[in-house]
Structures are given as structure tokens and as C-alpha cells.
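Just below is one structure, and these are the notes that go with it.
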Amino acid sequence: MDMIFGKNKKEQPEPVRAKIKGELPTWLHGTLLRNGPGMHTIGETTYNHWFDGLALLHSFTIGNGEVHYRSKYLRSDTYNSNIEANKIVVSEFGTMAYPDPCKNIFSKAFSYLSHTIPDFTDNCLINIMKCGEDFYATTETNYIRKINPDTLETLEKVDYRDYAAINVATSHPHYDAQGNVLNMGTSIVDKGKTKYLVFKIPPTIPEKKKKKNNLKHLEVICSIPSRSLLSPSYYHSFGITENYIIFLEQPFKLDILKMATAYIRGINWASCITFHEEDKTYIHIIDRRTKRTLLTKFYADPMVVFHHVNAYEEDGHIVFDVISYKDHSLYQLFYLANLNQDFQQNSKLASIPSLKRFVIPLQVDKDAEMGENLVKLESTTATARKEKDDQVYCQSEELYEGIELPRINYAYNGKKYRYVYTAEVQWNPIPTKIMKFDVLTKSSLKWEEEHCWPAEPVFVPAPNAQQEDDGKSSWPSEYSTGFHSKPWNQLSSYEFGRVRKGTNIYFQKQCGRD
């Protein structure tokens with residue numbers, strides 16, 4: 001596994017022509033952008049966790065049946081500091097960096113104090129976000145980095161805190177029909193309160209303010225009070241429909257006091273996030289029109305969700321699908337020590353992800369009996385049982401087990417849909433198959449090939465597509481996509497391997513080969 005997870009990647013700043021087997025559709029053109037960890041060892045120091053690696057940007061320029069590839073490390077402040085010191089000097093989530101032991105005691109004391117309220121890394125390695133005409137490399141801290149999508153040059157550093165009280169934010173925003181970016185962040189102990197903020201960034205800037213960036217017009221849509229001042233929930237994504245936003249406040253919580261003292265106590269920030277198996281998962285439904293949460297308290301069993309799949313409204317209900325885990329063992333598995341030693345045994349200790357469907361009734365009948373199922377849709381076995389006048393217990397329908405990295409035809413985001421494009425990861429975080437899953441019939445179409453590592457699929461609709469699945473699918477790795485061409489022509493890839501002819505096009509990296 002160290003060939004995949006522990007090896008530093010060389011950047012390719014000048015474009016090279018990729019070798020392709022098969023054919024690309026003539027209408028497929030543009031540039032796709034990728035982001036993910038590329039460097040785990042600096043000098044004699046190594047990151048502890050795979051998700052800590054320095055960000056490596058990739059671009060694939062597609063046109064006339066050809067693909068040209070280039071890559072470049074994000075020149076973040078974190079990257080520059082580490083390279084200059086020839087060792088890890090900036091802390092990441094799973095790796096805490098410490099001062100040179102040769103420094104005097106006063107310098108050490110100052111370093112400890114400066115970490116009491118941590119200033120997080122700008123190693124933006126998770127995603128690419130399109131904001132108006134600009135592109136940003138993103139992570140889950142308060143920092144994002146603007147990039148040039150053509151050259152992959154790193155541009156200015158942006159701090160969300162300059163525009164709203166946001167300490168951490170997701171790297172999986174949504175884009176509405178008007179091109180607005182919708183995202184969520186957590187405001188930690190701001191004016192004595194900890195809350196979750198839903199915010200919007202417009203795609204255009206007013207004519208008189210053309211010199212200003214879009215972030216300066218960031219608008220907080222609503223706030224949701226955290227159930228705990230010092231233990232807010234961790235979340236990786238959220239769901240939207242035409243009229244509602246779905247936020248899961250799960251019992252996977254950040255301990256703020258532990259995080260504030262992690263540096264002094266010699267532990268990493270990841271150890272300050274704990275899954276509380278005795279707690280509940282609270283389902284917050286925000287009305288996008290009134291900017292208020294529904295008064296009814298919806299909750300489910302404890303779970304950990306990294307990826308929302310899709311959500312939609314149907315006959316007075318909200319239907320939303322997620323990939324759910326029973327605990328947080330997946331994150332633990334991605335420590336490099338677990339990946340490179342006894343991997344087969346360690347992987348079986350991680351809980352299996354499940355595609356689950358929840359259904360929320362938008363109106364709760366006051367005359368309904370306690371324990372009555374309020375879900376009236378015949379298409380699902382998911383239930384929502386009234387427990388009190390203002391409290392409803394939701395149980396999911398399990399659609400499929402052992403899949404992750406879900407994507408859909410984004411034209412159907414927030415709408416009733418049928419197909420999920422995903423990777424099969426049964427008992428293994430390394431995908432072995434790619435799959436198209438039909439949520440209506442519960443049937444699936446799978447593909448695999450020996451010595452290949454397929455991963456996250458991204459659907460690209462064909463021009464003038466009439467059906468939801470009329471298009472092509474590419475299959476990249478986890479750290480997801482930006483697009484630099486036609487709106488919604490989103491594809492992604494980590495490295496090109498083969499291209500197959502047929503209904504779908506598959507890009508994959510061959511294991512052990514670079």
C-alpha cells in the first residue's frame with residue numbers, strides 16, 4: 001500500500017500528452033482540475049495521516065480526442081515553510097509539528113502560547129471550488145487559495161474570517177441554478193455562542209465594484225445553534241433541495257478545549273474529535289425561503305456521514321440519501337501506519353459504508369398517534385415516527401452496502417433522481433469496482449479490471465441529453481473536482497490509465513504504476 005499512499009509525487013509543470021487507449025467523444029472538451037495529497041515526506045519527517053499530505057494540483061486539457069496533463073504543488077504558506085525548513089513545521093490535522101528543541105525556553109514558551117488558539121493550515125488539498133470566474137483550492141479550515149486554472153499557479157490566500165465568523169468550512173459546496181456558491185461553516189465561540197452558518201457567495205460582482213472579489217459579497221443565509229458550546233459537530237458535506245437545506249448534526253464532535261491545548265499536550269487535532277455512540281444524530285431542515293429551521297425536532301440513530309448523495313422534495317416530504325458509517329473508524333484507518341502495516345487486518349476493523357435513504361415529513365399532524373409513521377410515500381421503507389408533538393424519530397432505508405464517493409448527474413442536484421455513480425469499497429477503503437446504481441429498481445451495473453484502482457466517478461452529460469444517464473462518466477480518486485470550461489461539464493481524474501469505449505468512459509490509475 002505504500003506505493004499508493006506514502007510515495008511523494010513529482011510535479012509536471014509543463015503539459016505532456018497523455019496516452020489514450022480507446023476513443024474520447026468528439027464533444028468532450030475543456031480543462032478538468034484535480035486536487036489531492038501528493039507529498040507525505042519532507043526531509044526526514046513524514047506526515048502521520050494520508051489526508052495531511054501537501055496539496056498537488058492536476059489539470060487535464062481535453063480536446064480533439066487528445067488529453068494533455070500537467071501538475072503542480074500548491075505553493076501555500078504551509079508548503080513554502082516546510083520546503084524552506086526541509087521538514088514539517090506546520091501542523092496538519094493528523095500531524096502536530098513542534099519547534100526546534102535547540103531553541104531557548106522562551107522561544108518554546110512563545111510557540112506553545114501561539115498554538116493555544118490554533119491558526120490552521122492553508123494546505124488546501126481537498127477540492128477545487130468555482131466562484132464566479134475564479135477558482136480556489138479548498139480544505140476544511142478557514143483558508144482557501146485562489147489558483148490559475150490554466151497554469152496551476154498559486155495566487156492569493158483568502159481567509160473566510162475576513163467575511164464571516166467562520167473557523168472551519170466544508171469543501172463540498174453546492175451551486176444553484178443562478179451560479180451562487182452555497183456552503184456551510186462553523187463559528188466557534190463567537191460572542192459566547194457556537195453555531196453552524198449557511199452562507200452564499202454570488203457568481204457576479206455589482207458593476208460599480210468590479211475590482212472587488214466575490215467573497216466580499218458573502219452573505220450568511222442562516223445560523224443553527226450548536227447543541228454544545230465547546231463540542232460542535234464535525235461534518236464534511238450537506239444536502240439541498242429546491243426549497244430546503246439539510247444539515248446533519250452528528251455525534252462526531254470536536255472538543256474545542258482539547259484542540260486549544262493539543263499543542264501543549266503533544267497530541268494532534270484529529271485526536272480531539274470523538275464519536276459519541278450514545279448520542280443521537282439531529283436532522284436540521286432549513287427553509288431557504290424563510291431562512292429558518294423547521295420547528296419539529298427530527299433525529300436518527302448515531303452515525304457518521306461524510307458524503308451526502310442527493311436530496312429532493314416529493315408529496316410533502318424531503319427525501320435525502322447519504323453514505324453512512326456506524327462510527328469514525330474510517331478516518332482512523334487512513335493513518336499511514338495502518339495503511340502500510342497489517343493493512344488487510346486493519347481494513348476489516350473499519351465499519352462498512354452504507355447508502356441510506358431518510359425521509360422527512362414536512363408537516364407533522366398534531367392528531368397523529370405517538371409512534372405513528374408519518375411517511376406516506378409508498379416508494380420507500382424509511383420511517384419517521386412521532387414521539388412527541390415536536391419530536392420525530394427517523395429510521396432509514398438501506399439501499400446498498402459497501403460503496404463510497406457518490407456522484408450524480410449534477411443537473412439533478414436537489415431534484416428527484418435515479419442514478420448514483422460510485423465506487424465499491426467493501427471491507428477496503430481502496431475501491432475495487434465502479435458502479436452505476438439505480439435507486440428506483442435497486443439494480444446496479446459494475447465494472448472492474450485486474451490491477452486497476454478505480455475511484456470517484458463524475459458524470460458528464462452529453463450535449464442535448466434527454467435522459468438522466470445520457471452522457472459519460474469518468475472515474476477519478478477522492479479529492480474532487482473543479483471545471484474550467486462549460487458550466488456543469490464536470491469531470492475529474494487523478495491520473496489517466498485507460499479509456500474504454502462504450503456507454504461510459506472510465507479513467508483509472510493502475511495500482512503500483514505512475
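Ligands are numbered from 1 in the order shown, residues from 1 within each chain, and chains are lettered A, B, ... in the order they appear in the C-alpha cells.
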Would you mind listing what lies within 8 Å of segment 274-284 of chain A as a list in words, with only C-alpha atoms counted and same-chain residues fewer than 2 positions away left out?
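The contact residues come out as Ile246, Phe247, Leu248, Glu249, Gln250, Pro251, Phe252, Lys253, Leu254, Asp255, Ser271, Cys272, Ile286, Thr293, Leu294, Lys297, Phe298, Tyr299, Ala300, Asp301, Pro302, Met303, Asp327 and His328 of chain A.
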Exercise: segment 308-317 of chain A partners within 8 Å, only C-alpha atoms, chain neighbours under 3 positions left out, as an mmCIF file with all heavy atoms, in the first residue's frame:
```
data_model
loop_
_atom_site.group_PDB
_atom_site.id
_atom_site.type_symbol
_atom_site.label_atom_id
_atom_site.label_comp_id
_atom_site.auth_asym_id
_atom_site.auth_seq_id
_atom_site.Cartn_x
_atom_site.Cartn_y
_atom_site.Cartn_z
ATOM 1 N N SER A 237 -20.122 17.505 4.469
ATOM 2 C CA SER A 237 -20.991 17.930 3.369
ATOM 3 C C SER A 237 -22.392 18.161 3.925
ATOM 4 O O SER A 237 -22.658 17.925 5.105
ATOM 5 C CB SER A 237 -21.014 16.872 2.250
ATOM 6 O OG SER A 237 -21.541 15.643 2.739
ATOM 7 N N PHE A 238 -23.292 18.590 3.078
ATOM 8 C CA PHE A 238 -24.685 18.800 3.464
ATOM 9 C C PHE A 238 -25.549 18.631 2.226
ATOM 10 O O PHE A 238 -25.032 18.438 1.113
ATOM 11 C CB PHE A 238 -24.873 20.184 4.099
ATOM 12 C CG PHE A 238 -24.557 21.338 3.176
ATOM 13 C CD1 PHE A 238 -25.567 22.053 2.557
ATOM 14 C CD2 PHE A 238 -23.239 21.701 2.910
ATOM 15 C CE1 PHE A 238 -25.277 23.114 1.702
ATOM 16 C CE2 PHE A 238 -22.934 22.761 2.066
ATOM 17 C CZ PHE A 238 -23.964 23.466 1.453
ATOM 18 N N GLY A 239 -26.860 18.668 2.394
ATOM 19 C CA GLY A 239 -27.757 18.446 1.260
ATOM 20 C C GLY A 239 -28.646 19.642 0.996
ATOM 21 O O GLY A 239 -28.922 20.449 1.894
ATOM 22 N N ILE A 240 -29.112 19.776 -0.238
ATOM 23 C CA ILE A 240 -30.055 20.841 -0.581
ATOM 24 C C ILE A 240 -31.148 20.300 -1.491
ATOM 25 O O ILE A 240 -30.956 19.336 -2.239
ATOM 26 C CB ILE A 240 -29.376 22.047 -1.277
ATOM 27 C CG1 ILE A 240 -28.808 21.650 -2.646
ATOM 28 C CG2 ILE A 240 -28.301 22.664 -0.404
ATOM 29 C CD1 ILE A 240 -28.360 22.861 -3.466
ATOM 30 N N THR A 241 -32.318 20.920 -1.408
ATOM 31 C CA THR A 241 -33.384 20.730 -2.377
ATOM 32 C C THR A 241 -33.736 22.111 -2.923
ATOM 33 O O THR A 241 -33.069 23.104 -2.617
ATOM 34 C CB THR A 241 -34.625 20.088 -1.735
ATOM 35 O OG1 THR A 241 -35.237 21.044 -0.844
ATOM 36 C CG2 THR A 241 -34.262 18.832 -0.950
ATOM 37 N N GLU A 242 -34.787 22.191 -3.688
ATOM 38 C CA GLU A 242 -35.176 23.490 -4.251
ATOM 39 C C GLU A 242 -35.485 24.506 -3.146
ATOM 40 O O GLU A 242 -35.133 25.684 -3.248
ATOM 41 C CB GLU A 242 -36.397 23.325 -5.154
ATOM 42 C CG GLU A 242 -36.868 24.628 -5.795
ATOM 43 C CD GLU A 242 -38.093 24.450 -6.675
ATOM 44 O OE1 GLU A 242 -38.573 23.307 -6.821
ATOM 45 O OE2 GLU A 242 -38.577 25.474 -7.207
ATOM 46 N N VAL A 305 -21.484 10.583 8.812
ATOM 47 C CA VAL A 305 -21.719 10.791 7.378
ATOM 48 C C VAL A 305 -20.658 11.745 6.852
ATOM 49 O O VAL A 305 -20.485 12.845 7.377
ATOM 50 C CB VAL A 305 -23.123 11.362 7.123
ATOM 51 C CG1 VAL A 305 -23.268 11.818 5.667
ATOM 52 C CG2 VAL A 305 -24.191 10.336 7.465
ATOM 53 N N PHE A 320 -33.727 12.341 1.395
ATOM 54 C CA PHE A 320 -32.295 12.583 1.210
ATOM 55 C C PHE A 320 -31.505 11.309 1.426
ATOM 56 O O PHE A 320 -31.822 10.492 2.291
ATOM 57 C CB PHE A 320 -31.784 13.723 2.105
ATOM 58 C CG PHE A 320 -31.734 13.439 3.576
ATOM 59 C CD1 PHE A 320 -30.586 12.916 4.169
ATOM 60 C CD2 PHE A 320 -32.815 13.722 4.388
ATOM 61 C CE1 PHE A 320 -30.518 12.682 5.530
ATOM 62 C CE2 PHE A 320 -32.768 13.496 5.759
ATOM 63 C CZ PHE A 320 -31.616 12.971 6.331
ATOM 64 N N ASP A 321 -30.499 11.129 0.589
ATOM 65 C CA ASP A 321 -29.653 9.935 0.588
ATOM 66 C C ASP A 321 -28.241 10.302 1.013
ATOM 67 O O ASP A 321 -27.690 11.318 0.579
ATOM 68 C CB ASP A 321 -29.615 9.306 -0.814
ATOM 69 C CG ASP A 321 -30.993 8.863 -1.295
ATOM 70 O OD1 ASP A 321 -31.867 8.638 -0.440
ATOM 71 O OD2 ASP A 321 -31.189 8.761 -2.516
ATOM 72 N N VAL A 322 -27.646 9.466 1.862
ATOM 73 C CA VAL A 322 -26.297 9.704 2.374
ATOM 74 C C VAL A 322 -25.519 8.396 2.409
ATOM 75 O O VAL A 322 -26.097 7.310 2.350
ATOM 76 C CB VAL A 322 -26.323 10.303 3.802
ATOM 77 C CG1 VAL A 322 -26.985 11.660 3.813
ATOM 78 C CG2 VAL A 322 -27.012 9.347 4.783
ATOM 79 N N ILE A 323 -24.200 8.518 2.493
ATOM 80 C CA ILE A 323 -23.338 7.369 2.782
ATOM 81 C C ILE A 323 -23.039 7.414 4.277
ATOM 82 O O ILE A 323 -22.441 8.367 4.763
ATOM 83 C CB ILE A 323 -22.033 7.398 1.978
ATOM 84 C CG1 ILE A 323 -22.330 7.461 0.485
ATOM 85 C CG2 ILE A 323 -21.175 6.182 2.305
ATOM 86 C CD1 ILE A 323 -23.001 6.245 -0.095
ATOM 87 N N VAL A 359 -36.324 9.939 5.064
ATOM 88 C CA VAL A 359 -37.480 10.698 4.583
ATOM 89 C C VAL A 359 -38.022 11.544 5.732
ATOM 90 O O VAL A 359 -38.284 11.028 6.826
ATOM 91 C CB VAL A 359 -38.579 9.769 4.035
ATOM 92 C CG1 VAL A 359 -39.765 10.599 3.552
ATOM 93 C CG2 VAL A 359 -38.041 8.909 2.892
ATOM 94 N N ILE A 360 -38.194 12.833 5.485
ATOM 95 C CA ILE A 360 -38.656 13.789 6.485
ATOM 96 C C ILE A 360 -40.030 14.324 6.078
ATOM 97 O O ILE A 360 -40.165 14.931 5.000
ATOM 98 C CB ILE A 360 -37.675 14.963 6.619
ATOM 99 C CG1 ILE A 360 -36.265 14.471 6.953
ATOM 100 C CG2 ILE A 360 -38.175 15.963 7.665
ATOM 101 C CD1 ILE A 360 -36.141 13.789 8.282
ATOM 102 N N PRO A 361 -41.058 14.123 6.894
ATOM 103 C CA PRO A 361 -42.358 14.739 6.590
ATOM 104 C C PRO A 361 -42.321 16.226 6.908
ATOM 105 O O PRO A 361 -41.891 16.640 7.991
ATOM 106 C CB PRO A 361 -43.320 13.996 7.533
ATOM 107 C CG PRO A 361 -42.462 13.561 8.679
ATOM 108 C CD PRO A 361 -41.096 13.301 8.115
ATOM 109 N N LEU A 362 -42.735 17.053 5.963
ATOM 110 C CA LEU A 362 -42.669 18.499 6.170
ATOM 111 C C LEU A 362 -43.776 19.006 7.083
ATOM 112 O O LEU A 362 -43.648 20.073 7.683
ATOM 113 C CB LEU A 362 -42.724 19.214 4.816
ATOM 114 C CG LEU A 362 -41.469 19.053 3.953
ATOM 115 C CD1 LEU A 362 -41.695 19.612 2.554
ATOM 116 C CD2 LEU A 362 -40.276 19.733 4.615
ATOM 117 N N GLN A 363 -44.850 18.258 7.192
ATOM 118 C CA GLN A 363 -45.935 18.613 8.094
ATOM 119 C C GLN A 363 -46.156 17.462 9.076
ATOM 120 O O GLN A 363 -46.294 16.312 8.663
ATOM 121 C CB GLN A 363 -47.233 18.883 7.313
ATOM 122 C CG GLN A 363 -47.149 20.062 6.347
ATOM 123 C CD GLN A 363 -46.968 21.387 7.061
ATOM 124 O OE1 GLN A 363 -47.432 21.572 8.186
ATOM 125 N NE2 GLN A 363 -46.297 22.341 6.400
ATOM 126 N N VAL A 375 -44.413 8.963 7.398
ATOM 127 C CA VAL A 375 -44.009 8.890 5.995
ATOM 128 C C VAL A 375 -45.128 8.224 5.191
ATOM 129 O O VAL A 375 -45.515 7.085 5.473
ATOM 130 C CB VAL A 375 -42.703 8.100 5.835
ATOM 131 C CG1 VAL A 375 -42.351 7.940 4.353
ATOM 132 C CG2 VAL A 375 -41.563 8.793 6.568
ATOM 133 N N LEU A 377 -45.019 8.034 1.688
ATOM 134 C CA LEU A 377 -44.549 7.633 0.368
ATOM 135 C C LEU A 377 -44.503 6.109 0.286
ATOM 136 O O LEU A 377 -43.956 5.446 1.165
ATOM 137 C CB LEU A 377 -43.153 8.205 0.108
ATOM 138 C CG LEU A 377 -43.003 9.725 0.118
ATOM 139 C CD1 LEU A 377 -41.554 10.115 -0.149
ATOM 140 C CD2 LEU A 377 -43.936 10.377 -0.901
ATOM 141 N N PRO A 406 -19.850 9.016 -3.724
ATOM 142 C CA PRO A 406 -21.008 9.074 -4.630
ATOM 143 C C PRO A 406 -21.051 10.359 -5.434
ATOM 144 O O PRO A 406 -20.720 11.436 -4.948
ATOM 145 C CB PRO A 406 -22.184 9.021 -3.647
ATOM 146 C CG PRO A 406 -21.666 9.727 -2.428
ATOM 147 C CD PRO A 406 -20.204 9.339 -2.333
ATOM 148 N N ARG A 407 -21.459 10.253 -6.664
ATOM 149 C CA ARG A 407 -21.704 11.419 -7.519
ATOM 150 C C ARG A 407 -22.982 11.166 -8.315
ATOM 151 O O ARG A 407 -23.401 10.025 -8.507
ATOM 152 C CB ARG A 407 -20.536 11.663 -8.470
ATOM 153 C CG ARG A 407 -19.204 11.892 -7.773
ATOM 154 C CD ARG A 407 -19.209 13.107 -6.854
ATOM 155 N NE ARG A 407 -19.313 14.351 -7.572
ATOM 156 C CZ ARG A 407 -18.265 15.110 -7.909
ATOM 157 N NH1 ARG A 407 -17.035 14.717 -7.614
ATOM 158 N NH2 ARG A 407 -18.440 16.249 -8.545
ATOM 159 N N ILE A 408 -23.584 12.246 -8.808
ATOM 160 C CA ILE A 408 -24.795 12.159 -9.612
ATOM 161 C C ILE A 408 -24.633 13.047 -10.840
ATOM 162 O O ILE A 408 -23.662 13.789 -10.956
ATOM 163 C CB ILE A 408 -26.040 12.605 -8.810
ATOM 164 C CG1 ILE A 408 -25.897 14.086 -8.406
ATOM 165 C CG2 ILE A 408 -26.259 11.725 -7.587
ATOM 166 C CD1 ILE A 408 -27.144 14.712 -7.826
ATOM 167 N N ASN A 413 -29.241 17.741 -9.183
ATOM 168 C CA ASN A 413 -28.960 18.050 -7.786
ATOM 169 C C ASN A 413 -30.148 18.784 -7.173
ATOM 170 O O ASN A 413 -30.623 19.790 -7.700
ATOM 171 C CB ASN A 413 -27.707 18.922 -7.674
ATOM 172 C CG ASN A 413 -27.247 19.086 -6.241
ATOM 173 O OD1 ASN A 413 -27.141 18.111 -5.496
ATOM 174 N ND2 ASN A 413 -26.974 20.319 -5.835
ATOM 175 N N GLY A 414 -30.639 18.289 -6.032
ATOM 176 C CA GLY A 414 -31.790 18.882 -5.377
ATOM 177 C C GLY A 414 -33.115 18.490 -5.981
ATOM 178 O O GLY A 414 -34.171 18.977 -5.569
ATOM 179 N N LYS A 415 -33.076 17.594 -6.980
ATOM 180 C CA LYS A 415 -34.287 17.160 -7.666
ATOM 181 C C LYS A 415 -34.423 15.637 -7.565
ATOM 182 O O LYS A 415 -33.467 14.933 -7.258
ATOM 183 C CB LYS A 415 -34.228 17.565 -9.142
ATOM 184 C CG LYS A 415 -34.029 19.056 -9.366
ATOM 185 C CD LYS A 415 -33.865 19.358 -10.846
ATOM 186 C CE LYS A 415 -33.589 20.839 -11.083
ATOM 187 N NZ LYS A 415 -33.379 21.131 -12.529
ATOM 188 N N LYS A 416 -35.612 15.153 -7.857
ATOM 189 C CA LYS A 416 -35.822 13.712 -7.873
ATOM 190 C C LYS A 416 -34.917 13.104 -8.931
ATOM 191 O O LYS A 416 -34.852 13.592 -10.067
ATOM 192 C CB LYS A 416 -37.277 13.378 -8.162
ATOM 193 C CG LYS A 416 -37.604 11.903 -7.938
ATOM 194 C CD LYS A 416 -39.099 11.634 -7.999
ATOM 195 C CE LYS A 416 -39.382 10.165 -7.693
ATOM 196 N NZ LYS A 416 -40.842 9.876 -7.707
ATOM 197 N N VAL A 420 -26.947 6.831 -9.130
ATOM 198 C CA VAL A 420 -25.773 7.201 -8.352
ATOM 199 C C VAL A 420 -24.561 6.535 -8.997
ATOM 200 O O VAL A 420 -24.593 5.335 -9.294
ATOM 201 C CB VAL A 420 -25.873 6.729 -6.889
ATOM 202 C CG1 VAL A 420 -24.656 7.194 -6.085
ATOM 203 C CG2 VAL A 420 -27.162 7.219 -6.253
#
```
I want to know what sits within 12 Å of Ile267 of chain A, based on only C-alpha atoms, with residues of the same chain fewer than 2 positions away left out; could you give that as a ChimeraX atom specification?
/A:48,91-98,258-265,269-273
May I ask for the distance between atom CA of Pro431 of chain A and atom CA of Lys356 of chain A, given in Å to one decimal place?
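Atom-to-atom, atom CA of Pro431 of chain A to atom CA of Lys356 of chain A, that is 19.1 Å.
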Which residue out of A:Thr138, A:Lys291, A:Lys19, A:His49 has the minimum interatomic distance to Leu339 of chain A when only C-alpha atoms are used?
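The answer is A:His49, which sits nearest to Leu339 of chain A.
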Which neighbours of Pro202 of chain A fall inside 12 Å, counting only C-alpha atoms, when residues of the same chain fewer than 6 positions from it are skipped, and could you give them as a VMD selection string?
chain A and resid 130 to 134 175 to 183 213 to 220
